[in-house]
Protein chains: 2
Amino acid sequence: MVEFADIEAAAERLRSIAVKTPLLYSPPLDEIAGGRVYLKPECLQRTGSFKIRGAYNLLSQLDSTQAASGVVAWSSGNHAQGVAAAGSMLGIKTAIVMPQDAPSTKIENTRRLGGEIILYDRYTGDRELIARTLAAERNATIVPSYDHAHIIAGQGTVGLEIMRQADELGVIPDQVLVCCGGGGLIAGSVIAIKAASESTLVHPVEPVDFDDTARSLKSGSRERNSPDARSICDALQSESPGEMTFAINRQRLNNGLTVTDDEVRQAMRFAFRHLKLVVEPGGAVALAAVLTGKIDTKDKVTVAVLSGGNVDAKLFAEIQAESQG
Amino acid sequence: MVEFADIEAAAERLRSIAVKTPLLYSPPLDEIAGGRVYLKPECLQRTGSFKIRGAYNLLSQLDSTQAASGVVAWSSGNHAQGVAAAGSMLGIKTAIVMPQDAPSTKIENTRRLGGEIILYDRYTGDRELIARTLAAERNATIVPSYDHAHIIAGQGTVGLEIMRQADELGVIPDQVLVCCGGGGLIAGSVIAIKAASESTLVHPVEPVDFDDTARSLKSGSRERNSPDARSICDALQSESPGEMTFAINRQRLNNGLTVTDDEVRQAMRFAFRHLKLVVEPGGAVALAAVLTGKIDTKDKVTVAVLSGGNVDAKLFAEIQAESQG
């Protein structure tokens with residue numbers, strides 16, 4: 001499936017193109033947590049999220065015939081930007097099916113990065129059907145957003161970097177909190193984390209109505225979210241855990257944590273006011289879990305991944321203008 | 001005056017209290033610059049700006065009698081927060097004279113950090129007189145915002161870290177751009193930078209109507225700004241270079257660069273959209289100089305200091321809502 005060696009190989013492929021985001025910490029955050037909290041700010045990553053890691057890892061392994069026919073992906077925005085940027089760097093044509101209501105900054109950036117955009121209605125359209133039809137017409141390769149070994153290995157370089165950077169700082173994280181949509185980022189990361197430290201716990205964090213992974217970890221089989229579920233976290237609106245990601249995650253993850261939209265907004269305000277970081281809703285769930293005490297952080301070393309920062313200025317301003325908290 | 005050894009000693013004092021902010025880079029910024037640009041994001045520093053460095057370095061060297069009588073400072077906000085935080089960590093009472101129109105986030109944070117606030121009118125009041133009267137009454141020590149050897153040495157740890165981090169990355173910066181109000185940050189930093197690499201150029205960056213250091217470097221004596229000068233950069237509104245800072249800077253700095261308010265706003269938008277960093281107006285001038293080509297960055301290694309991120313949510317939103325650019 002995905003081995004630690006695959007993640008090391010991905011890190012090598014990404015060496016000159018991905019930003020090695022730092023491990024940050026913040027005295028006001030440590031004070032609230034009662035322990036040390038390191039943040040892995042993938043909002044500072046090229047394209048504003050970790051998604052470039054998996055996309056580049058997959059696209060760079062296409063053979064010349066595949067590369068010449070281009071790729072097709074569907075995405076609410078971060079994977080779209082990752083695929084478009086990777087394609088542009090590698091000279092591979094990219095077409096991306098995106099929901100009409102995706103943050104306009106994500107749509108604009110994807111276009112700017114050279115991606116061809118096909119919009120659909122998130123609640124009535126079938127993005128997968130649209131993408132597969134297009135791919136068949138063009139003989140193009142589908143680039144899944146999580147359920148693919150190369151994608152998982154690429155995203156896993158986040159976990160690899162966390163453990164290497166923690167080691168340089170002379171610490172072993174007690175627990176790592178990672179946001180979870182389809183589960184690719186956490187699946188790759190948990191493999192890398194456990195390879196470095198078997199005792200480090202890894203918890204997925206999800207929006208309350210998109211807690212498919214939390215429930216699946218409990219029941220042991222892939223649970224689905226309600227089609228009526230809504231969340232401010234546009235990046236984490238998966239239907240259910242991926243087949244491949246869940247096969248990895250079910251054996252390795254600790255219990256899932258969930259956060260409400262209000263808790264996410266509060267975390268985005270904290271990030272603005274105290275961390276001076278721009279974090280998008282889906283990127284703020286792990287921080288929200290720490291700030292709201294969803295997990296015991298007292299006297300522990302906790303790492304929280306801030307997975308992305310692609311949020312529209314208007315929504316960002318609206319959230320910042322809300323009352324303190 | 002201030003020796004490199006003083007900066008090394010300050011770094012030792014700050015080791016456990018200041019955040020070692022990373023050197024970041026960003027592919028979209030490198031693309032615009034045509035070279036590698038490293039950012040030193042002191043907005044991620046404790047209290048949201050570099051000012052804690054100098055304040056702590058000074059306060060931690062007070063003797064017990066001085067410490068018992070407390071300190072008084074005047075500041076538009078970042079030095080205020082640095083002094084208040086340092087005082088709170090060291091158990092020293094702090095009183096700070098601040099302009100009424102300082103960003104409310106700076107006033108609130110200073111109060112939250114334990115500082116006693118005395119407000120005055122920036123354009124009619126005499127903050128120095130208010131502060132000196134208060135200090136005399138209380139037998140308290142004045143903590144200048146730049147013209148003091150301990151302050152300069154503390155701020156100089158920014159330059160020290162830049163050169164150590166660049167060395168770890170295997171690069172020697174061709175040029176370092178540092179914002180300049182009274183000149184404390186750049187005075188300390190240039191001493192540390194030149195100690196590591198004599199050939200690295202160091203340029204001050206100022207708002208156009210507060211270009212006292214640029215003009216003073218040309219004329220060789222301390223020039224003053226017009227009392228009618230206004231700028232969005234509340235942190236950089238000095239009257240003239242400091243006596244001590246200019247004595248250091250005149251021998252070591254290269255020519256000054258200036259940026260307009262519009263260029264600062266543009267840089268703040270760039271930081272939000274592409275860097276995912278919250279940078280305040282005064283903290284964005286060095287980035288503005290890079291983005292607008294005020295200095296040749298082609299095929300060079302440039303470091304730009306982002307000195308702070310304490311900006312009110314309302315102004316931040318207003319700037320982000322402005323048209324592209």
# chains A, B, ... in the order shown; residues from 1 in each chain; ligands from 1

call {"tool": "interface_residues", "arguments": {"of": "chain A", "to": "chain B", "cutoff": "7 Å", "atoms": "only C-alpha atoms", "output": "number ranges by chain"}}
result
A: 22, 26-27, 43-44, 46, 272, 275-278, 309, 313, 317, 320-321

call {"tool": "write_last_selection", "arguments": {"atoms": "N, CA and C atoms", "output": "PDB file, in the first residue's frame"}}
result
ATOM      1  N   PRO A  22       7.985  25.769   8.583  1.00  0.00           N
ATOM      2  CA  PRO A  22       8.622  25.617   9.905  1.00  0.00           C
ATOM      3  C   PRO A  22       7.671  25.009  10.936  1.00  0.00           C
ATOM      4  N   SER A  26       3.792  29.565  19.925  1.00  0.00           N
ATOM      5  CA  SER A  26       3.317  30.888  20.314  1.00  0.00           C
ATOM      6  C   SER A  26       3.082  30.918  21.815  1.00  0.00           C
ATOM      7  N   PRO A  27       3.757  31.824  22.536  1.00  0.00           N
ATOM      8  CA  PRO A  27       3.543  31.881  23.992  1.00  0.00           C
ATOM      9  C   PRO A  27       2.072  31.988  24.417  1.00  0.00           C
ATOM     10  N   CYS A  43      -0.378  26.587   5.592  1.00  0.00           N
ATOM     11  CA  CYS A  43      -0.893  27.774   4.906  1.00  0.00           C
ATOM     12  C   CYS A  43       0.262  28.538   4.253  1.00  0.00           C
ATOM     13  N   LEU A  44       1.478  28.356   4.772  1.00  0.00           N
ATOM     14  CA  LEU A  44       2.652  29.031   4.189  1.00  0.00           C
ATOM     15  C   LEU A  44       3.229  28.237   3.013  1.00  0.00           C
ATOM     16  N   ARG A  46       3.543  26.555  -0.746  1.00  0.00           N
ATOM     17  CA  ARG A  46       3.259  26.940  -2.131  1.00  0.00           C
ATOM     18  C   ARG A  46       1.811  26.558  -2.455  1.00  0.00           C
ATOM     19  N   PHE A 272      -5.448  35.106  13.701  1.00  0.00           N
ATOM     20  CA  PHE A 272      -5.226  36.479  13.229  1.00  0.00           C
ATOM     21  C   PHE A 272      -4.622  37.337  14.337  1.00  0.00           C
ATOM     22  N   LEU A 275      -1.474  34.747  16.425  1.00  0.00           N
ATOM     23  CA  LEU A 275      -0.448  34.038  15.654  1.00  0.00           C
ATOM     24  C   LEU A 275      -0.026  34.815  14.414  1.00  0.00           C
ATOM     25  N   LYS A 276      -0.871  35.785  13.992  1.00  0.00           N
ATOM     26  CA  LYS A 276      -0.620  36.574  12.780  1.00  0.00           C
ATOM     27  C   LYS A 276      -0.546  35.698  11.541  1.00  0.00           C
ATOM     28  N   LEU A 277      -1.339  34.636  11.561  1.00  0.00           N
ATOM     29  CA  LEU A 277      -1.411  33.732  10.421  1.00  0.00           C
ATOM     30  C   LEU A 277      -2.816  33.764   9.830  1.00  0.00           C
ATOM     31  N   VAL A 278      -2.878  33.686   8.504  1.00  0.00           N
ATOM     32  CA  VAL A 278      -4.150  33.588   7.810  1.00  0.00           C
ATOM     33  C   VAL A 278      -4.447  32.098   7.627  1.00  0.00           C
ATOM     34  N   GLY A 309      -4.549  28.114   3.990  1.00  0.00           N
ATOM     35  CA  GLY A 309      -4.893  29.502   4.292  1.00  0.00           C
ATOM     36  C   GLY A 309      -5.648  30.190   3.166  1.00  0.00           C
ATOM     37  N   ALA A 313     -11.094  37.186   1.211  1.00  0.00           N
ATOM     38  CA  ALA A 313     -10.916  38.348   2.076  1.00  0.00           C
ATOM     39  C   ALA A 313     -12.231  38.737   2.752  1.00  0.00           C
ATOM     40  N   ALA A 317     -12.748  38.823   6.716  1.00  0.00           N
ATOM     41  CA  ALA A 317     -13.086  40.077   7.400  1.00  0.00           C
ATOM     42  C   ALA A 317     -14.331  39.910   8.256  1.00  0.00           C
ATOM     43  N   GLN A 320     -13.396  38.060  11.371  1.00  0.00           N
ATOM     44  CA  GLN A 320     -12.590  38.875  12.279  1.00  0.00           C
ATOM     45  C   GLN A 320     -13.428  39.938  12.974  1.00  0.00           C
ATOM     46  N   ALA A 321     -14.502  40.372  12.298  1.00  0.00           N
ATOM     47  CA  ALA A 321     -15.330  41.438  12.863  1.00  0.00           C
ATOM     48  C   ALA A 321     -16.268  40.934  13.956  1.00  0.00           C
TER      49      ALA A 321
END

call {"tool": "residues_around", "arguments": {"residues": "Arg230 (chain A)", "least_positions_apart": "3", "cutoff": "12 Å", "atoms": "only C-alpha atoms", "output": "MDAnalysis selection string"}}
result
chainID A and resid 122:123 207:211 225:227 233:239 260:261

call {"tool": "select_by_dssp", "arguments": {"residues": "region 75-136 of chain A", "states": "helix (DSSP H, G or I)", "output": "NGL selection string"}}
result
:A and (78-90 or 104-112 or 127-136)

call {"tool": "atom_distance", "arguments": {"atom1": "CA of Asp147 (chain A)", "atom2": "CA of Leu59 (chain A)"}}
result
14.6 Å

call {"tool": "closest_residue", "arguments": {"among": "A:Glu243, A:Asp101, A:Glu206, A:Glu3", "to": "Tyr146 (chain A)", "atoms": "only C-alpha atoms"}}
result
A:Glu243

call {"tool": "closest_residue", "arguments": {"among": "B:Ala86, B:Ala288, B:Lys300, B:Ile152", "to": "Ala187 (chain B)", "atoms": "only C-alpha atoms"}}
result
B:Ile152

call {"tool": "atom_distance", "arguments": {"atom1": "CA of Gly125 (chain A)", "atom2": "CA of Ile142 (chain A)"}}
result
18.1 Å

call {"tool": "closest_residue", "arguments": {"among": "A:Arg224, A:Lys294, A:Arg164, A:Lys93", "to": "Pro204 (chain A)", "atoms": "only C-alpha atoms"}}
result
A:Lys294

call {"tool": "closest_residue", "arguments": {"among": "B:Met98, B:Asp121, B:Ile107, B:Val2", "to": "Ala192 (chain B)", "atoms": "only C-alpha atoms"}}
result
B:Val2

call {"tool": "select_by_dssp", "arguments": {"residues": "region 6-113 of chain B", "states": "strand (DSSP E or B)", "output": "count of residues only"}}
result
18

call {"tool": "atom_distance", "arguments": {"atom1": "CA of Glu168 (chain B)", "atom2": "CA of Ser197 (chain B)"}}
result
14.2 Å

call {"tool": "residues_around", "arguments": {"residues": "Leu134 (chain A)", "least_positions_apart": "4", "cutoff": "12 Å", "atoms": "only C-alpha atoms", "output": "list in words"}}
result
Ser69, Gly70, Val71, Val72, Ala73, Trp74, Thr94, Ala95, Ile96, Val97, Glu116, Ile117, Ile118, Arg127, Glu128, Leu129, Ile130, Arg138, Asn139, Ala140, Thr141 and Ile142 of chain A

call {"tool": "residues_around", "arguments": {"residues": "Gln165 (chain B)", "least_positions_apart": "3", "cutoff": "12 Å", "atoms": "only C-alpha atoms", "output": "VMD selection string"}}
result
chain B and resid 20 to 24 38 to 40 157 to 162 168 to 173 193 196 303

call {"tool": "residues_around", "arguments": {"residues": "Ala10 (chain A)", "least_positions_apart": "5", "cutoff": "8 Å", "atoms": "only C-alpha atoms", "output": "PyMOL selection string"}}
result
chain A and resi 57+153-154+157

call {"tool": "write_last_selection", "arguments": {"atoms": "all heavy atoms", "output": "CSV table (one decimal), in the first residue's frame"}}
result
chain,number,residue,atom,x,y,z
A,57,ASN,N,3.8,14.9,-6.3
A,57,ASN,CA,4.3,13.5,-6.2
A,57,ASN,C,3.7,12.6,-7.2
A,57,ASN,O,4.4,11.8,-7.8
A,57,ASN,CB,4.1,13.0,-4.8
A,57,ASN,CG,4.9,11.7,-4.5
A,57,ASN,OD1,6.1,11.6,-4.8
A,57,ASN,ND2,4.2,10.7,-4.0
A,153,ALA,N,1.3,9.3,-0.1
A,153,ALA,CA,2.8,9.4,0.2
A,153,ALA,C,3.2,10.9,0.2
A,153,ALA,O,4.0,11.3,1.0
A,153,ALA,CB,3.6,8.6,-0.8
A,154,GLY,N,2.7,11.7,-0.8
A,154,GLY,CA,3.1,13.1,-0.9
A,154,GLY,C,2.6,13.9,0.3
A,154,GLY,O,3.4,14.6,0.9
A,157,THR,N,4.6,13.6,3.6
A,157,THR,CA,5.8,14.4,3.9
A,157,THR,C,5.6,15.5,5.0
A,157,THR,O,6.5,15.9,5.6
A,157,THR,CB,6.4,15.0,2.6
A,157,THR,OG1,5.4,15.9,2.0
A,157,THR,CG2,6.7,14.0,1.6
